[in-house]
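Q: Next comes my_file.cif, mmCIF, C-alpha atoms:
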data_protein
loop_
_atom_site.group_PDB
_atom_site.id
_atom_site.type_symbol
_atom_site.label_atom_id
_atom_site.label_comp_id
_atom_site.auth_asym_id
_atom_site.auth_seq_id
_atom_site.Cartn_x
_atom_site.Cartn_y
_atom_site.Cartn_z
ATOM 1 C CA MET I 1 8.544 -198.293 13.932
ATOM 2 C CA GLU I 2 9.972 -198.635 10.437
ATOM 3 C CA SER I 3 9.024 -195.067 9.475
ATOM 4 C CA TYR I 4 10.626 -193.751 12.671
ATOM 5 C CA PHE I 5 13.941 -195.368 11.759
ATOM 6 C CA GLY I 6 13.563 -194.201 8.156
ATOM 7 C CA ILE I 7 13.084 -190.594 9.309
ATOM 8 C CA LYS I 8 16.010 -190.887 11.704
ATOM 9 C CA LYS I 9 18.197 -192.285 8.901
ATOM 10 C CA LEU I 10 17.037 -189.497 6.557
ATOM 11 C CA ASN I 11 17.876 -186.842 9.208
ATOM 12 C CA ARG I 12 21.360 -188.333 9.655
ATOM 13 C CA MET I 13 21.917 -188.198 5.891
ATOM 14 C CA LYS I 14 20.799 -184.560 5.736
ATOM 15 C CA THR I 15 22.999 -183.701 8.709
ATOM 16 C CA THR I 16 25.970 -185.443 7.077
ATOM 17 C CA GLN I 17 25.333 -183.579 3.799
ATOM 18 C CA LEU I 18 25.111 -180.246 5.639
ATOM 19 C CA ILE I 19 28.355 -180.933 7.490
ATOM 20 C CA PHE I 20 30.032 -181.943 4.196
ATOM 21 C CA LYS I 21 28.791 -178.758 2.472
ATOM 22 C CA ALA I 22 29.878 -176.572 5.395
ATOM 23 C CA CYS I 23 33.349 -178.144 5.439
ATOM 24 C CA SER I 24 33.634 -177.796 1.649
ATOM 25 C CA LEU I 25 32.700 -174.104 1.806
ATOM 26 C CA PHE I 26 35.139 -173.554 4.658
ATOM 27 C CA PHE I 27 38.033 -175.125 2.733
ATOM 28 C CA ILE I 28 37.154 -173.308 -0.497
ATOM 29 C CA GLY I 29 37.065 -170.020 1.437
ATOM 30 C CA LEU I 30 40.381 -170.844 3.102
ATOM 31 C CA LEU I 31 41.928 -171.655 -0.274
ATOM 32 C CA LEU I 32 40.705 -168.327 -1.713
ATOM 33 C CA ILE I 33 42.127 -166.425 1.249
ATOM 34 C CA VAL I 34 45.505 -168.169 0.963
ATOM 35 C CA THR I 35 45.621 -167.629 -2.822
ATOM 36 C CA THR I 36 44.648 -163.958 -2.529
ATOM 37 C CA THR I 37 47.137 -163.401 0.298
ATOM 38 C CA GLN I 38 49.890 -165.110 -1.675
ATOM 39 C CA ALA I 39 49.178 -162.963 -4.749
ATOM 40 C CA GLN I 40 49.132 -159.828 -2.558
ATOM 41 C CA ASN I 41 52.393 -160.873 -0.913
ATOM 42 C CA GLU I 42 54.005 -161.345 -4.342
ATOM 43 C CA THR I 43 52.824 -157.869 -5.424
ATOM 44 C CA ASP I 44 54.080 -156.336 -2.159
ATOM 45 C CA LYS I 45 57.418 -158.138 -2.574
ATOM 46 C CA LYS I 46 57.817 -156.789 -6.125
ATOM 47 C CA ILE I 47 57.029 -153.246 -4.968
ATOM 48 C CA MET I 48 59.501 -153.611 -2.077
ATOM 49 C CA ASP I 49 62.232 -154.915 -4.412
ATOM 50 C CA ASP I 50 61.564 -152.053 -6.846
ATOM 51 C CA SER I 51 61.673 -149.593 -3.912
ATOM 52 C CA LYS I 52 65.075 -150.892 -2.822
ATOM 53 C CA ARG I 53 66.398 -150.527 -6.384
ATOM 54 C CA ALA I 54 64.975 -146.982 -6.513
ATOM 55 C CA LYS I 55 66.797 -146.148 -3.273
ATOM 56 C CA TYR I 56 70.098 -147.123 -4.900
ATOM 57 C CA ALA I 57 69.200 -145.152 -8.026
ATOM 58 C CA PHE I 58 68.604 -142.046 -5.887
ATOM 59 C CA ALA I 59 71.989 -142.590 -4.212
ATOM 60 C CA ARG I 60 73.727 -142.941 -7.597
ATOM 61 C CA THR I 61 72.317 -139.574 -8.667
ATOM 62 C CA ASP I 62 73.168 -137.775 -5.415
ATOM 63 C CA LYS I 63 75.529 -139.487 -2.983
ATOM 64 C CA ASP I 64 74.505 -137.054 -0.208
ATOM 65 C CA ILE I 65 70.951 -138.422 -0.153
ATOM 66 C CA GLU I 66 72.258 -141.537 1.592
ATOM 67 C CA ASN I 67 72.584 -139.393 4.723
ATOM 68 C CA LEU I 68 68.838 -138.631 4.590
ATOM 69 C CA PHE I 69 68.053 -142.336 4.294
ATOM 70 C CA LYS I 70 70.148 -142.906 7.440
ATOM 71 C CA THR I 71 69.012 -139.927 9.543
ATOM 72 C CA SER I 72 65.339 -139.444 8.682
ATOM 73 C CA TYR I 73 62.824 -141.080 11.006
ATOM 74 C CA ALA I 74 61.098 -142.779 8.057
ATOM 75 C CA TYR I 75 60.727 -142.598 4.304
ATOM 76 C CA ALA I 76 58.361 -143.726 1.549
ATOM 77 C CA ILE I 77 59.751 -144.696 -1.843
ATOM 78 C CA PHE I 78 57.671 -144.783 -5.025
ATOM 79 C CA PRO I 79 59.830 -146.555 -7.612
ATOM 80 C CA ASN I 80 57.439 -146.041 -10.537
ATOM 81 C CA VAL I 81 55.063 -143.109 -10.768
ATOM 82 C CA GLY I 82 53.288 -142.572 -14.057
ATOM 83 C CA LYS I 83 51.928 -139.147 -14.933
ATOM 84 C CA GLY I 84 50.049 -137.902 -17.953
ATOM 85 C CA ALA I 85 48.052 -134.816 -18.911
ATOM 86 C CA VAL I 86 46.329 -132.823 -21.571
ATOM 87 C CA GLY I 87 44.860 -129.943 -19.544
ATOM 88 C CA VAL I 88 43.591 -132.348 -16.872
ATOM 89 C CA GLY I 89 46.258 -134.632 -15.532
ATOM 90 C CA GLY I 90 46.721 -137.564 -13.266
ATOM 91 C CA ALA I 91 49.476 -139.524 -11.610
ATOM 92 C CA ALA I 92 49.598 -142.779 -9.701
ATOM 93 C CA GLY I 93 52.111 -145.115 -8.145
ATOM 94 C CA SER I 94 52.673 -147.649 -5.390
ATOM 95 C CA GLY I 95 55.531 -147.744 -2.946
ATOM 96 C CA THR I 96 56.962 -149.016 0.309
ATOM 97 C CA VAL I 97 57.147 -147.194 3.643
ATOM 98 C CA PHE I 98 60.226 -147.718 5.803
ATOM 99 C CA GLU I 99 60.428 -146.728 9.470
ATOM 100 C CA LYS I 100 63.947 -146.656 10.888
ATOM 101 C CA GLY I 101 65.083 -148.706 7.885
ATOM 102 C CA LYS I 102 62.464 -151.461 8.288
ATOM 103 C CA ALA I 103 59.605 -151.920 5.799
ATOM 104 C CA ILE I 104 56.292 -151.349 7.624
ATOM 105 C CA GLY I 105 53.754 -151.253 4.799
ATOM 106 C CA THR I 106 52.730 -150.288 1.310
ATOM 107 C CA VAL I 107 51.336 -146.997 0.091
ATOM 108 C CA ARG I 108 49.324 -145.984 -2.949
ATOM 109 C CA MET I 109 49.609 -142.450 -4.358
ATOM 110 C CA THR I 110 47.113 -140.739 -6.660
ATOM 111 C CA GLN I 111 47.007 -137.200 -7.991
ATOM 112 C CA VAL I 112 44.580 -135.268 -10.161
ATOM 113 C CA SER I 113 45.501 -131.827 -11.418
ATOM 114 C CA VAL I 114 43.925 -129.178 -13.634
ATOM 115 C CA GLY I 115 45.741 -126.360 -15.395
ATOM 116 C CA VAL I 116 48.371 -125.753 -18.026
ATOM 117 C CA GLN I 117 49.983 -129.120 -18.443
ATOM 118 C CA LEU I 118 50.805 -131.379 -21.330
ATOM 119 C CA GLY I 119 52.684 -134.635 -21.796
ATOM 120 C CA GLY I 120 53.559 -137.736 -19.904
ATOM 121 C CA GLN I 121 56.400 -138.963 -17.808
ATOM 122 C CA SER I 122 57.627 -141.696 -15.558
ATOM 123 C CA TYR I 123 59.524 -140.831 -12.414
ATOM 124 C CA ARG I 124 60.479 -142.084 -8.964
ATOM 125 C CA GLU I 125 59.689 -140.216 -5.775
ATOM 126 C CA VAL I 126 60.848 -140.389 -2.171
ATOM 127 C CA LEU I 127 59.272 -138.702 0.850
ATOM 128 C CA PHE I 128 61.415 -138.318 3.974
ATOM 129 C CA PHE I 129 59.733 -137.903 7.366
ATOM 130 C CA GLU I 130 61.603 -135.887 9.949
ATOM 131 C CA ASN I 131 59.961 -137.466 13.007
ATOM 132 C CA LYS I 132 57.325 -139.898 14.255
ATOM 133 C CA ALA I 133 54.592 -137.223 14.239
ATOM 134 C CA ALA I 134 55.147 -136.561 10.525
ATOM 135 C CA LEU I 135 55.038 -140.294 9.772
ATOM 136 C CA ASN I 136 51.846 -140.712 11.838
ATOM 137 C CA ARG I 137 50.162 -137.913 9.877
ATOM 138 C CA PHE I 138 51.175 -139.673 6.673
ATOM 139 C CA LYS I 139 49.857 -143.049 7.827
ATOM 140 C CA GLU I 140 46.424 -141.584 8.563
ATOM 141 C CA ASP I 141 43.853 -142.112 5.828
ATOM 142 C CA ASN I 142 43.762 -139.564 3.023
ATOM 143 C CA PHE I 143 47.060 -137.807 3.765
ATOM 144 C CA GLU I 144 47.536 -135.171 1.094
ATOM 145 C CA LEU I 145 50.454 -132.956 0.157
ATOM 146 C CA ALA I 146 49.398 -129.331 0.213
ATOM 147 C CA ALA I 147 48.924 -127.532 -3.087
ATOM 148 C CA GLN I 148 51.986 -125.353 -2.503
ATOM 149 C CA THR I 149 54.230 -128.356 -1.808
ATOM 150 C CA SER I 150 56.869 -128.899 -4.416
ATOM 151 C CA ALA I 151 59.435 -131.601 -4.863
ATOM 152 C CA VAL I 152 63.134 -131.089 -5.325
ATOM 153 C CA ALA I 153 64.250 -132.531 -8.660
ATOM 154 C CA LEU I 154 67.149 -134.722 -7.674
ATOM 155 C CA LYS I 155 70.561 -134.041 -9.132
ATOM 156 C CA SER I 156 74.041 -134.328 -7.725
ATOM 157 C CA GLY I 157 74.557 -132.374 -4.500
ATOM 158 C CA VAL I 158 71.016 -131.021 -4.191
ATOM 159 C CA SER I 159 70.035 -133.064 -1.114
ATOM 160 C CA ALA I 160 72.824 -131.645 1.075
ATOM 161 C CA ASN I 161 70.974 -128.338 1.617
ATOM 162 C CA ALA I 162 67.351 -129.510 1.427
ATOM 163 C CA LYS I 163 65.052 -128.558 4.317
ATOM 164 C CA TYR I 164 61.982 -130.275 5.748
ATOM 165 C CA ARG I 165 58.628 -128.461 5.397
ATOM 166 C CA GLU I 166 56.083 -129.476 8.003
ATOM 167 C CA GLY I 167 58.197 -132.553 8.753
ATOM 168 C CA VAL I 168 58.286 -133.803 5.138
ATOM 169 C CA LEU I 169 60.949 -133.538 2.432
ATOM 170 C CA VAL I 170 60.205 -134.718 -1.126
ATOM 171 C CA PHE I 171 62.547 -135.589 -4.001
ATOM 172 C CA THR I 172 61.670 -136.751 -7.497
ATOM 173 C CA GLU I 173 63.854 -138.149 -10.228
ATOM 174 C CA GLU I 174 62.660 -138.372 -13.819
ATOM 175 C CA LYS I 175 62.994 -141.770 -15.448
ATOM 176 C CA SER I 176 61.540 -141.035 -18.886
ATOM 177 C CA GLY I 177 59.198 -138.779 -20.789
ATOM 178 C CA LEU I 178 58.634 -135.070 -20.974
ATOM 179 C CA MET I 179 56.120 -133.119 -18.928
ATOM 180 C CA TYR I 180 55.419 -129.422 -18.832
ATOM 181 C CA GLU I 181 54.406 -129.165 -15.157
ATOM 182 C CA ALA I 182 56.286 -130.342 -12.089
ATOM 183 C CA ALA I 183 54.033 -129.669 -9.084
ATOM 184 C CA ILE I 184 53.268 -132.547 -6.735
ATOM 185 C CA GLY I 185 50.696 -130.717 -4.606
ATOM 186 C CA GLY I 186 47.429 -132.564 -4.289
ATOM 187 C CA GLN I 187 48.998 -135.999 -4.125
ATOM 188 C CA LYS I 188 46.897 -138.278 -1.898
ATOM 189 C CA PHE I 189 48.334 -141.283 -0.122
ATOM 190 C CA ASN I 190 46.702 -144.416 1.231
ATOM 191 C CA PHE I 191 48.914 -146.421 3.632
ATOM 192 C CA THR I 192 48.410 -150.130 4.365
ATOM 193 C CA ALA I 193 50.458 -151.671 7.168
ATOM 194 C CA TYR I 194 51.975 -155.154 6.781
#
Please lay out the structure from this file as structure tokens.
A:
Amino acid sequence: MESYFGIKKLNRMKTTQLIFKACSLFFIGLLLIVTTTQAQNETDKKIMDDSKRAKYAFARTDKDIENLFKTSYAYAIFPNVGKGAVGVGGAAGSGTVFEKGKAIGTVRMTQVSVGVQLGGQSYREVLFFENKAALNRFKEDNFELAAQTSAVALKSGVSANAKYREGVLVFTEEKSGLMYEAAIGGQKFNFTAY
């Protein structure tokens, strides 16, 4: 009889230990998720704040671009794109996507290019989407600007006569640096909804 109660007591102790371990793992996992989410939210918030500042910088350069921000179906702003090359080049940046003026997600842009190119630069970029279909194409995985796509270098008055190509209109504005090459074709985008 004594061994029966000893085994029963031992089983209860093991069960209690298993429950304690399971609860501990659950709370550690929950803490990691909350911490990771909070860090991601802080990064997203910084990118969104930078995107809003970039929008005002675009408007300071060309007051007519404000009309595109108001009338386009959606837009994606990349406040900081870094680009560098010595023969083979690359560019990358993160931004915010706005649909009808409301932030709907983040986007990561990458670009690899080969050819006659040299230097480095930092610039901001904005993509305007003419309609929902153009935005939906962009939101799909691995959206890429065609090789022949070029951006309009923003300066005063240039946005007034700009035209959409395949539902997309792209402007860039140099922030610093010097780069011999200005094509944006081959840029790939990866959208993540909020």
Q: Nearest to Phe128 in chain I among I:Glu99, I:Asp44, I:Glu174, I:Asp62, with distances taken over all atoms listed in the file: which residue is it?
A: I:Glu99
Q: For range 76-87 of chain I, work out the shell of residues within 7 Å, counting all atoms listed in the file and skipping chain neighbours fewer than 5 positions away, then give it as a PyMOL selection string.
A: chain I and resi 50-51+54+92-98+114-128
Q: Identify which of the residues I:Lys46, I:Lys70, I:Lys14, I:Lys188 lies closest to Phe143 in chain I, counting only C-alpha atoms when measuring atom-to-atom distances.
A: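 Nearest to Phe143 in chain I: I:Lys188.
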Q: What is the distance, in Å and to one decimal place, between CA of Ala134 in chain I and CA of Asp49 in chain I?
A: 24.7 Å
Q: Determine the nearest neighbour of Glu166 in chain I from the options I:Ala59, I:Ala91, I:Ile19, I:Leu145, counting all atoms listed in the file.
A: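 Checking each of I:Ala59, I:Ala91, I:Ile19, I:Leu145 against Glu166 in chain I, counting all atoms listed in the file, the winner is I:Leu145.
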Q: Compare I:Gly101, I:Ala74, I:Lys132, I:Lys163 by their minimum atom-to-atom distance to Lys52 in chain I, counting only C-alpha atoms, and give me the closest one.
A: I:Gly101
